[in-house]
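Engineer: The structure that follows is given in the form of structure tokens.
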Amino acid sequence: MDWIVIAVAFFIIGSGFLLLWFQLKGRVTDEQIREFLSEGALVVDVRTRGEYDERSVSGAINIPLDKVVELICETTTDKSQVILCHCESGGRSAIAVARLRRAGYPHAFNLGSYKRAAALLKSS
């Protein structure tokens, strides 16, 4: 019985670390973001259209996660364009960054959460 409790505890702790790593994957510093923004980076909100309509960051465009690779080419044909993705918490934007990089956009980065995006775009 004790080994089951230990196994469950390891699973829970491991899942927490995996989730944290996934959310931070591809994330950049505040200073890098400010520099990218001053150079004309594209800010993409990968939340659903409903979430975007409810509240959005000024200057961000909405391309939902499930269509990000398909629709990004309508926004930019330049694969060297810096793309900063954000969502509600940073998890979906990490997925979007991974998908965009696999699709040939090496300068896609995870801006993170809506709260972080709003604060950084407001200060730029």
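Chain identifiers are assigned as A, B, and so on, following the order in which chains appear in the structure tokens; residues are numbered from 1 within each chain, and ligands are numbered from 1 in order of appearance.
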Which residues are near Glu74 in chain A? Cut-off 12 Å, only C-alpha atoms, ignore same chain within fewer than 5 positions. Put them as a PyMOL selection string.

Structural biologist: chain A and resi 61+63+67-69+79

Engineer: One decimal, in Å: what's the spacing between CA of Leu84 in chain A and CA of Thr48 in chain A?

Structural biologist: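 Interatomic distance here is 16.5 Å.
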
Engineer: Could you list, as a VMD selection string, every residue within 12 Å of Thr75 in chain A, counting only C-alpha atoms and ignoring same-chain residues fewer than 2 positions away?

Structural biologist: chain A and resid 41 to 44 60 to 63 68 to 73 77 to 79 81 83

Engineer: Measuring between only C-alpha atoms, which one of A:Arg47, A:Arg55, A:Arg99, A:Arg34 shows the shortest distance to His86 in chain A?

Structural biologist: A:Arg47

Engineer: Find the spatial neighbours of Cys85 in chain A, counting only C-alpha atoms, within a cut-off of 7 Å - ignore same-chain residues fewer than 5 positions away - and output them as a PDB file with C-alpha atoms, in the first residue's frame.

Structural biologist:
```pdb
ATOM      1  CA  VAL A  43       2.065  39.606 -31.252  1.00  0.00           C
ATOM      2  CA  VAL A  44      -0.303  36.658 -31.636  1.00  0.00           C
ATOM      3  CA  ASP A  45      -3.013  35.791 -29.122  1.00  0.00           C
ATOM      4  CA  VAL A  46      -3.623  32.037 -29.541  1.00  0.00           C
ATOM      5  CA  SER A  93       1.317  29.667 -26.418  1.00  0.00           C
ATOM      6  CA  VAL A  97       5.600  28.232 -30.515  1.00  0.00           C
ATOM      7  CA  PHE A 109       8.700  32.869 -28.871  1.00  0.00           C
ATOM      8  CA  ASN A 110       6.423  32.338 -25.902  1.00  0.00           C
ATOM      9  CA  LEU A 111       5.331  35.676 -24.471  1.00  0.00           C
TER      10      LEU A 111
END
```

Engineer: Residues within 10 Å of Ala98 in chain A, please, as a short mmCIF file (atom, residue, chain, number, x, y, z; two decimals) with N, CA and C atoms, in the first residue's frame. Count only C-alpha atoms; anything in the same chain fewer than 3 positions from it doesn't count.

Structural biologist:
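See around-v2.cif below for the written result:
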```
data_model
loop_
_atom_site.label_atom_id
_atom_site.label_comp_id
_atom_site.auth_asym_id
_atom_site.auth_seq_id
_atom_site.Cartn_x
_atom_site.Cartn_y
_atom_site.Cartn_z
N LYS A 25 8.64 26.82 -21.89
CA LYS A 25 9.38 26.46 -23.10
C LYS A 25 9.27 27.59 -24.13
N GLY A 26 10.40 28.05 -24.62
CA GLY A 26 10.42 29.09 -25.64
C GLY A 26 10.16 30.48 -25.11
N ARG A 92 -0.84 27.14 -23.87
CA ARG A 92 -1.20 27.07 -25.29
C ARG A 92 -0.20 27.82 -26.15
N SER A 93 0.33 28.93 -25.63
CA SER A 93 1.32 29.67 -26.42
C SER A 93 2.61 28.87 -26.57
N ALA A 94 2.96 28.06 -25.59
CA ALA A 94 4.13 27.18 -25.71
C ALA A 94 3.90 26.15 -26.82
N ILE A 95 2.69 25.62 -26.89
CA ILE A 95 2.35 24.67 -27.95
C ILE A 95 2.42 25.38 -29.31
N ARG A 101 7.65 26.76 -34.89
CA ARG A 101 9.05 26.44 -35.16
C ARG A 101 9.17 25.22 -36.07
N ARG A 102 8.33 24.20 -35.83
CA ARG A 102 8.34 23.03 -36.72
C ARG A 102 7.92 23.40 -38.14
N ALA A 103 7.09 24.43 -38.27
CA ALA A 103 6.62 24.87 -39.58
C ALA A 103 7.61 25.83 -40.26
N TYR A 105 9.25 28.66 -38.65
CA TYR A 105 9.33 30.00 -38.08
C TYR A 105 10.26 29.95 -36.86
N PRO A 106 11.57 30.10 -37.07
CA PRO A 106 12.52 29.92 -35.96
C PRO A 106 12.50 31.02 -34.92
N ALA A 108 9.83 32.31 -33.40
CA ALA A 108 8.58 32.31 -32.62
C ALA A 108 8.96 32.11 -31.16
N PHE A 109 8.38 32.93 -30.30
CA PHE A 109 8.70 32.87 -28.87
C PHE A 109 7.43 32.91 -28.03
N ASN A 110 7.54 32.39 -26.83
CA ASN A 110 6.42 32.34 -25.90
C ASN A 110 6.43 33.59 -25.03
#
```

Engineer: Could you name the residues that touch Ile33 in chain A at 9 Å or less, counting only C-alpha atoms, but leaving out those on the same chain fewer than 3 positions away, as a PyMOL selection string?

Structural biologist: chain A and resi 28-30+36-38+41+84+111+120-121

Engineer: Could you work out how far CA of Ser80 in chain A lies from CA of His107 in chain A, giving the answer in Å with one decimal?

Structural biologist: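 Distance between the two atoms: 6.2 Å.
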
Engineer: What is the CA of Ser56 in chain A-CA of Val82 in chain A distance in Å, reported with one decimal?

Structural biologist: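 Distance between the two atoms: 19.8 Å.
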